[in-house]
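What follows is a set of notes on a single structure, which appears directly below.
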Amino acid sequence: MPLTDLIQPAINGILLGGLYAAVAVGLSMVFGIMRLVNLAHGDLMILGSYLALVVVGVFGVDPLISALVTAPVMFIVGFAIQKCLLNRSLRNGSETALITALGISIVIQNSLLLIFSPDARSLATEISWQSVKVGDFLHVPLLYLLGFVAGVCMIAGLHGFLKWTYVGKAIRAAADDEEAARMMGVNTGDIFAYAMALGVSIAAVAGILLGMTFTFYPYSGPQYLIIAFGAVIIGGVGSVFGTLLGGLVMGLAQVMGGHLAGPGYQLLMTYGVLLIVLTIRPEGFLGRSVSR
Amino acid sequence: MLSLLFAILATLPAWAPPYWTVLGSLFLVYLAMAQMWNLLAGYCRVISLGQQMFVGLGGYALAVLSVYYGVPVWLCVTVGGVVALAFALAISFWLFRMSGTYLAVATWVVAEILGLCFGNWSFVRYGMGLFIQPAYGVSPDQIYYAALAVGAASVGIVYGLLRSELGLGILAIRDDEEAARSVGVNVFRCQVCCFAIGAFVIGIASGVLHLHLVFIQPYKAFSIDWTVKLLFIVIIGGLGTIEGPIVGALVFVILQQLFSEWPTMGLLLLGLFAVGIMLVAPNGIMGILKERYGFEILSARRR
């Protein structure tokens, strides 16, 4: 097989990985701070895709513009879920919170199913089919490129936010030591809610871009949750740039797996990589905090 | 009280309408599976999101052996349990190096991988699934009594296990895993043991269930929906009690029948229910009964 045959899927995989990283970064942040895997994270992302679908349908704008509505709305949704539900159940232990998150996930999936039917949906526009020609044989899909750039920008933005703003610093403090942060006068309940809201709105924007790339269903959430979880484990819990790296690995595994073994095996490859990482590091990469 | 319940259940096909017998079978099968999830989550502090792997393995063992090789169905159901048990033991040494959330997600991913493998396997007709023709030879009453055996056995096993020496360790883990470890409880042994027992019982229960369903598809059999249902049953009834899954399974089957025409609505309500219970009464229905009225049956407590 000529090497050039592998370059194309490798580039696609890396570009897709940038978007996966944007999905994963919120999960990573929440995991890093609360030691909670938000099992509803994938569904919240898909909720963002559907919200964009509604905005596009009602106002007739481009899906990319719909992010201006979708991101703030999902920010509020994420904030409310954390403040009203997860914060309360976290007090009863992390298992309680895990199950609450699973309950939220089921509610979102079935609400979407009721409203939008199980049909495949798509946010595809003209740019979904365009590609940039590089050299003689490479065609880089424009949307993958856009998704990668957007993903990396959001992650860099989040990094800056965590580093330089008050809320960002408080989030990092709560991640390092919740007790100590609270004693220093940080309202950790609110901080948790801000972290969740940020993570969810970034995932929702990524959800719009993924919705332009692939079709999605009400039940698509868990699949992205597993991919995001893989990225978090590979990159190290709570590490923003580690998550970027993890996302790239997951994207690469998916596209290369599909290219080498056939489309039926795309996810198999991604899950396989995740299992290998779990085997090497059965405890994950704990002990690192947000954005050091 | 428990013997009364058992007497009612044992004679159910004799006096109740056939519809009740079917409902009874579903209740008992869900009871058996939920009892096993409860043994893991409620007692051993192991949250598995991958119990559907045993549902799929048990169901496929039945389908493949009975359809392709003409093996008698009840033997197939038993073999299904053994296959699930063997698989559980094979992965347990790898699996239980992890803990907490990592383990939860790892079990889920394993189940997803199994589902994908079966979906890409020509031998089992890919995602189209298998039609279990021989199951038509089994009457609803036979299925019911098989379900009763599995359901009653699951309660008996959990009760017996908790009253045994191993159970002492398991109860210690329920109360405090770290403390149990520090006083010399072999946490790993307790957890693997419960995981394996759970696999066996769920494998058999799934065989019985698929005799009723007569059809198996990889994306249904290996779907996380199974574990979600078990989780709701246990949570609604009360985590870490033997009575909890009994109450929970009853509530679940009734709810499922009420909403059988709107399954989406039913699941949605179940989700809301679970979130609500987690917020208001994390110990479930049995937890409330126990706190308020000191009501307890089948206590594994030593007086």
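By order in the structure tokens, chains are A, B, ...; within a chain, residues start at 1; ligands start at 1, following the order shown.
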
Inset, instruction - Please return, as a ChimeraX atom specification, all residues of chain B lying within 10 Å of chain A when only C-alpha atoms are considered. - result: /B:41,45-47,94-110,112-117,119-120,224-225,228,231-232,235,262-280,282-283

Would you output that residue set with C-alpha atoms, as a PDB file, in the first residue's frame?
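Below is the file that was written, part_23.pdb:
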ATOM      1  CA  ALA B  41     -23.122  -2.002  43.485  1.00  0.00           C
ATOM      2  CA  ARG B  45     -19.009  -1.013  45.914  1.00  0.00           C
ATOM      3  CA  VAL B  46     -18.426  -1.962  42.292  1.00  0.00           C
ATOM      4  CA  ILE B  47     -20.473   0.012  39.802  1.00  0.00           C
ATOM      5  CA  TRP B  94      -7.713  -7.391  34.157  1.00  0.00           C
ATOM      6  CA  LEU B  95     -10.880  -5.561  35.163  1.00  0.00           C
ATOM      7  CA  PHE B  96     -10.401  -5.465  38.910  1.00  0.00           C
ATOM      8  CA  ARG B  97      -7.029  -3.794  38.676  1.00  0.00           C
ATOM      9  CA  MET B  98      -9.198  -0.753  38.079  1.00  0.00           C
ATOM     10  CA  SER B  99     -11.687   0.735  40.468  1.00  0.00           C
ATOM     11  CA  GLY B 100     -14.505   3.235  40.672  1.00  0.00           C
ATOM     12  CA  THR B 101     -15.304   5.188  37.566  1.00  0.00           C
ATOM     13  CA  TYR B 102     -12.551   3.585  35.499  1.00  0.00           C
ATOM     14  CA  LEU B 103     -13.999   0.171  36.148  1.00  0.00           C
ATOM     15  CA  ALA B 104     -17.509   1.391  35.364  1.00  0.00           C
ATOM     16  CA  VAL B 105     -16.461   2.779  32.001  1.00  0.00           C
ATOM     17  CA  ALA B 106     -14.212  -0.199  31.228  1.00  0.00           C
ATOM     18  CA  THR B 107     -17.081  -2.666  31.714  1.00  0.00           C
ATOM     19  CA  TRP B 108     -19.257  -0.531  29.469  1.00  0.00           C
ATOM     20  CA  VAL B 109     -16.603  -0.392  26.753  1.00  0.00           C
ATOM     21  CA  VAL B 110     -16.122  -4.173  26.918  1.00  0.00           C
ATOM     22  CA  GLU B 112     -19.839  -2.170  23.494  1.00  0.00           C
ATOM     23  CA  ILE B 113     -16.939  -4.031  21.887  1.00  0.00           C
ATOM     24  CA  LEU B 114     -18.765  -7.346  22.234  1.00  0.00           C
ATOM     25  CA  GLY B 115     -21.833  -5.766  20.633  1.00  0.00           C
ATOM     26  CA  LEU B 116     -19.746  -4.440  17.735  1.00  0.00           C
ATOM     27  CA  CYS B 117     -18.033  -7.834  17.293  1.00  0.00           C
ATOM     28  CA  GLY B 119     -22.686  -6.970  14.802  1.00  0.00           C
ATOM     29  CA  ASN B 120     -19.790  -7.563  12.407  1.00  0.00           C
ATOM     30  CA  ILE B 224     -26.562  -0.295  27.916  1.00  0.00           C
ATOM     31  CA  ASP B 225     -30.346  -0.066  28.343  1.00  0.00           C
ATOM     32  CA  VAL B 228     -29.844   1.227  33.013  1.00  0.00           C
ATOM     33  CA  LEU B 231     -29.843   0.351  37.957  1.00  0.00           C
ATOM     34  CA  PHE B 232     -33.257   1.990  38.132  1.00  0.00           C
ATOM     35  CA  ILE B 235     -32.153   2.518  43.007  1.00  0.00           C
ATOM     36  CA  TRP B 262     -45.242   4.806  24.760  1.00  0.00           C
ATOM     37  CA  PRO B 263     -41.886   3.213  25.621  1.00  0.00           C
ATOM     38  CA  THR B 264     -40.034   6.503  25.151  1.00  0.00           C
ATOM     39  CA  MET B 265     -42.317   8.241  27.607  1.00  0.00           C
ATOM     40  CA  GLY B 266     -41.827   5.347  30.031  1.00  0.00           C
ATOM     41  CA  LEU B 267     -38.035   5.593  29.892  1.00  0.00           C
ATOM     42  CA  LEU B 268     -38.225   9.360  30.241  1.00  0.00           C
ATOM     43  CA  LEU B 269     -40.300   9.011  33.403  1.00  0.00           C
ATOM     44  CA  LEU B 270     -37.958   6.341  34.700  1.00  0.00           C
ATOM     45  CA  GLY B 271     -35.052   8.757  34.232  1.00  0.00           C
ATOM     46  CA  LEU B 272     -36.897  11.530  36.069  1.00  0.00           C
ATOM     47  CA  PHE B 273     -37.858   9.067  38.781  1.00  0.00           C
ATOM     48  CA  ALA B 274     -34.243   7.999  39.265  1.00  0.00           C
ATOM     49  CA  VAL B 275     -32.974  11.587  39.464  1.00  0.00           C
ATOM     50  CA  GLY B 276     -35.777  12.463  41.881  1.00  0.00           C
ATOM     51  CA  ILE B 277     -35.089   9.481  44.122  1.00  0.00           C
ATOM     52  CA  MET B 278     -31.373  10.238  44.167  1.00  0.00           C
ATOM     53  CA  LEU B 279     -32.132  13.776  45.352  1.00  0.00           C
ATOM     54  CA  VAL B 280     -34.926  13.068  47.824  1.00  0.00           C
ATOM     55  CA  PRO B 282     -30.961   8.090  48.072  1.00  0.00           C
ATOM     56  CA  ASN B 283     -31.842   4.882  49.917  1.00  0.00           C
TER      57      ASN B 283
END

Inset, instruction - Assign secondary structure with DSSP using the backbone only, and return the residues of region 136-254 of chain B in helix (DSSP H, G or I) as a PyMOL selection string. - result: chain B and resi 136-137+140-163+165-175+177-182+187-213+218-221+225-237+243-254

Would you mind exporting the chosen residues as a JSON list (two decimals), in the first residue's frame, restricted to C-alpha atoms?
[["chain", "number", "residue", "atom", "x", "y", "z"],
["B", 136, "TYR", "CA", -41.71, -21.78, 20.15],
["B", 137, "GLY", "CA", -41.60, -25.29, 21.59],
["B", 140, "PRO", "CA", -45.34, -19.64, 28.70],
["B", 141, "ASP", "CA", -45.90, -21.69, 31.85],
["B", 142, "GLN", "CA", -42.56, -23.42, 31.41],
["B", 143, "ILE", "CA", -40.87, -20.06, 30.91],
["B", 144, "TYR", "CA", -42.62, -18.81, 34.00],
["B", 145, "TYR", "CA", -41.38, -21.65, 36.17],
["B", 146, "ALA", "CA", -37.87, -21.25, 34.82],
["B", 147, "ALA", "CA", -38.06, -17.54, 35.64],
["B", 148, "LEU", "CA", -39.38, -18.39, 39.10],
["B", 149, "ALA", "CA", -36.47, -20.75, 39.65],
["B", 150, "VAL", "CA", -33.96, -18.10, 38.57],
["B", 151, "GLY", "CA", -35.66, -15.33, 40.54],
["B", 152, "ALA", "CA", -35.96, -17.37, 43.74],
["B", 153, "ALA", "CA", -32.41, -18.70, 43.32],
["B", 154, "SER", "CA", -31.06, -15.16, 42.93],
["B", 155, "VAL", "CA", -32.62, -14.09, 46.23],
["B", 156, "GLY", "CA", -31.44, -17.32, 47.87],
["B", 157, "ILE", "CA", -27.91, -16.93, 46.54],
["B", 158, "VAL", "CA", -27.55, -13.34, 47.70],
["B", 159, "TYR", "CA", -29.02, -14.16, 51.10],
["B", 160, "GLY", "CA", -26.87, -17.26, 51.52],
["B", 161, "LEU", "CA", -23.77, -15.47, 50.32],
["B", 162, "LEU", "CA", -24.23, -12.59, 52.72],
["B", 163, "ARG", "CA", -24.75, -14.93, 55.64],
["B", 165, "GLU", "CA", -18.05, -16.07, 55.80],
["B", 166, "LEU", "CA", -17.39, -14.35, 52.51],
["B", 167, "GLY", "CA", -20.54, -12.31, 53.15],
["B", 168, "LEU", "CA", -19.04, -10.93, 56.33],
["B", 169, "GLY", "CA", -16.28, -9.44, 54.22],
["B", 170, "ILE", "CA", -18.77, -8.20, 51.65],
["B", 171, "LEU", "CA", -20.85, -6.42, 54.28],
["B", 172, "ALA", "CA", -17.68, -4.88, 55.64],
["B", 173, "ILE", "CA", -16.90, -3.55, 52.15],
["B", 174, "ARG", "CA", -20.41, -2.12, 51.93],
["B", 175, "ASP", "CA", -19.87, -0.17, 55.11],
["B", 177, "GLU", "CA", -14.08, -0.39, 51.72],
["B", 178, "GLU", "CA", -10.85, 1.08, 53.08],
["B", 179, "ALA", "CA", -11.58, -0.01, 56.63],
["B", 180, "ALA", "CA", -12.48, -3.51, 55.41],
["B", 181, "ARG", "CA", -9.20, -3.72, 53.53],
["B", 182, "SER", "CA", -7.23, -2.59, 56.53],
["B", 187, "VAL", "CA", -11.60, -7.13, 48.78],
["B", 188, "PHE", "CA", -10.47, -8.44, 45.40],
["B", 189, "ARG", "CA", -11.74, -11.96, 46.17],
["B", 190, "CYS", "CA", -15.12, -10.70, 47.35],
["B", 191, "GLN", "CA", -15.57, -8.50, 44.31],
["B", 192, "VAL", "CA", -14.51, -11.09, 41.73],
["B", 193, "CYS", "CA", -16.70, -13.69, 43.41],
["B", 194, "CYS", "CA", -19.78, -11.45, 43.24],
["B", 195, "PHE", "CA", -18.98, -10.40, 39.68],
["B", 196, "ALA", "CA", -18.73, -14.06, 38.58],
["B", 197, "ILE", "CA", -21.91, -15.13, 40.37],
["B", 198, "GLY", "CA", -23.68, -12.15, 38.83],
["B", 199, "ALA", "CA", -22.48, -13.12, 35.36],
["B", 200, "PHE", "CA", -23.74, -16.67, 35.75],
["B", 201, "VAL", "CA", -27.19, -15.69, 37.02],
["B", 202, "ILE", "CA", -27.63, -12.90, 34.46],
["B", 203, "GLY", "CA", -26.53, -15.26, 31.67],
["B", 204, "ILE", "CA", -29.20, -17.77, 32.65],
["B", 205, "ALA", "CA", -31.86, -15.11, 33.27],
["B", 206, "SER", "CA", -31.11, -13.68, 29.84],
["B", 207, "GLY", "CA", -31.58, -17.14, 28.29],
["B", 208, "VAL", "CA", -35.00, -17.42, 29.92],
["B", 209, "LEU", "CA", -35.88, -13.89, 28.81],
["B", 210, "HIS", "CA", -34.88, -14.61, 25.21],
["B", 211, "LEU", "CA", -37.09, -17.70, 25.19],
["B", 212, "HIS", "CA", -39.86, -15.19, 25.75],
["B", 213, "LEU", "CA", -38.54, -12.62, 23.24],
["B", 218, "PRO", "CA", -26.57, -7.49, 18.89],
["B", 219, "TYR", "CA", -27.44, -3.81, 19.29],
["B", 220, "LYS", "CA", -30.39, -4.69, 21.53],
["B", 221, "ALA", "CA", -28.79, -7.54, 23.49],
["B", 225, "ASP", "CA", -30.35, -0.07, 28.34],
["B", 226, "TRP", "CA", -30.20, -3.35, 30.26],
["B", 227, "THR", "CA", -27.88, -2.00, 32.88],
["B", 228, "VAL", "CA", -29.84, 1.23, 33.01],
["B", 229, "LYS", "CA", -33.00, -0.75, 33.77],
["B", 230, "LEU", "CA", -31.27, -2.79, 36.47],
["B", 231, "LEU", "CA", -29.84, 0.35, 37.96],
["B", 232, "PHE", "CA", -33.26, 1.99, 38.13],
["B", 233, "ILE", "CA", -34.81, -1.12, 39.67],
["B", 234, "VAL", "CA", -32.17, -1.23, 42.37],
["B", 235, "ILE", "CA", -32.15, 2.52, 43.01],
["B", 236, "ILE", "CA", -35.93, 2.80, 43.20],
["B", 237, "GLY", "CA", -36.15, -0.19, 45.53],
["B", 243, "GLU", "CA", -35.77, -6.47, 49.44],
["B", 244, "GLY", "CA", -34.92, -3.40, 47.34],
["B", 245, "PRO", "CA", -34.68, -5.20, 43.98],
["B", 246, "ILE", "CA", -37.90, -7.10, 44.71],
["B", 247, "VAL", "CA", -39.85, -3.89, 45.28],
["B", 248, "GLY", "CA", -38.01, -2.12, 42.46],
["B", 249, "ALA", "CA", -38.62, -4.90, 39.93],
["B", 250, "LEU", "CA", -42.33, -4.89, 40.78],
["B", 251, "VAL", "CA", -42.57, -1.11, 40.33],
["B", 252, "PHE", "CA", -40.53, -1.31, 37.13],
["B", 253, "VAL", "CA", -42.60, -4.05, 35.47],
["B", 254, "ILE", "CA", -45.87, -2.30, 36.35]]

Per-residue nearest contacts region 78-121 of chain A to region 181-197 of chain A, cut-off 6 Å, using only C-alpha atoms, as CSV:
residue,atom,partner,partner_atom,distance
A:Gly78,CA,A:Ala197,CA,4.2
A:Phe79,CA,A:Ala197,CA,4.6
A:Gln82,CA,A:Ala193,CA,5.0
A:Lys83,CA,A:Ala193,CA,5.6

Inset, instruction - Can you work out the spacing between CA of Gln52 (chain B) and CA of Ser139 (chain B) in Å, to one decimal? - result: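 We find that CA of Gln52 (chain B) and CA of Ser139 (chain B) lie 25.8 Å from each other.
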
Inset, instruction - Work out how far apart CA of Thr243 (chain A) and CA of Gly151 (chain A) are and give it in Å to one decimal. - result: 11.2 Å

Inset, instruction - Write out as a ChimeraX atom specification the residues lying within 8 Å of Ala22 (chain A), counting only C-alpha atoms and excluding same-chain residues fewer than 3 positions away. - result: /A:18-19,25-26,151-152,154-155,202-203,206,244,247

So that I have them on file, write out the residues from the current selection with N, CA and C atoms, as a compact mmCIF listing (two decimals), in the first residue's frame.
# COMPACT_ATOMS: atom_id res chain seq x y z
N GLY A 18 -9.07 17.05 16.88
CA GLY A 18 -9.15 18.38 17.47
C GLY A 18 -10.55 18.67 17.98
N LEU A 19 -11.52 18.21 17.20
CA LEU A 19 -12.92 18.41 17.58
C LEU A 19 -13.29 17.52 18.77
N VAL A 25 -12.90 18.22 26.66
CA VAL A 25 -12.25 19.10 27.64
C VAL A 25 -13.18 19.43 28.81
N GLY A 26 -14.48 19.52 28.53
CA GLY A 26 -15.43 19.78 29.61
C GLY A 26 -15.54 18.60 30.55
N GLY A 151 -11.76 23.74 17.52
CA GLY A 151 -11.47 22.95 18.71
C GLY A 151 -10.24 23.45 19.44
N VAL A 152 -9.17 23.67 18.69
CA VAL A 152 -7.92 24.12 19.30
C VAL A 152 -8.10 25.52 19.90
N MET A 154 -10.87 26.87 21.05
CA MET A 154 -11.67 26.79 22.28
C MET A 154 -10.83 26.29 23.44
N ILE A 155 -9.98 25.29 23.14
CA ILE A 155 -9.14 24.73 24.21
C ILE A 155 -8.12 25.76 24.69
N ILE A 202 -18.82 24.49 25.52
CA ILE A 202 -17.77 24.16 24.55
C ILE A 202 -18.14 22.88 23.79
N ALA A 203 -18.64 21.88 24.55
CA ALA A 203 -19.04 20.63 23.91
C ALA A 203 -20.17 20.88 22.92
N ALA A 206 -18.81 22.20 19.76
CA ALA A 206 -18.21 21.06 19.05
C ALA A 206 -19.31 20.18 18.46
N LEU A 244 -6.23 17.59 24.65
CA LEU A 244 -6.07 17.83 23.21
C LEU A 244 -5.32 16.65 22.57
N GLY A 247 -7.56 13.62 22.48
CA GLY A 247 -8.54 13.74 21.40
C GLY A 247 -7.94 13.37 20.06

Inset, instruction - Calculate how many Å separate CA of Ser239 (chain A) from CA of Ser28 (chain A), rounding to one decimal. - result: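 Separation of CA of Ser239 (chain A) and CA of Ser28 (chain A): 7.3 Å.
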
Inset, instruction - Give the answer as one residue: which of B:Leu255, B:Val82, B:Ala63, B:Leu239 has the shortest atom-to-atom distance to Ile285 (chain B), using only C-alpha atoms? - result: B:Leu239

Inset, instruction - Skip Ile65 (chain A) itself and residues of its chain fewer than 3 positions away, then list as a PyMOL selection string all residues within 12 Å of it, counting only C-alpha atoms. - result: chain A and resi 52-53+55-56+59-62+68-71+123+205+208-209

Inset, instruction - Extract the full set of strand (DSSP E) residues from region 102-294 of chain B according to DSSP on the backbone, and format it as number ranges by chain. - result: B: 130-131, 215-216

For the selection you just gave me, I'd like the residues written to a file as a CSV table (one decimal), in the first residue's frame, keeping C-alpha atoms.
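Written output follows (part-v7.csv):
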chain,number,residue,atom,x,y,z
B,130,LEU,CA,-31.1,-14.4,15.0
B,131,PHE,CA,-34.6,-15.8,15.2
B,215,PHE,CA,-35.4,-12.9,18.8
B,216,ILE,CA,-32.0,-11.5,19.5

Inset, instruction - Between B:Trp74, B:Val29, B:Gly59, B:Leu4, single out the one closest to Val138 (chain B), counting only C-alpha atoms. - result: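 Closest candidate: B:Trp74.
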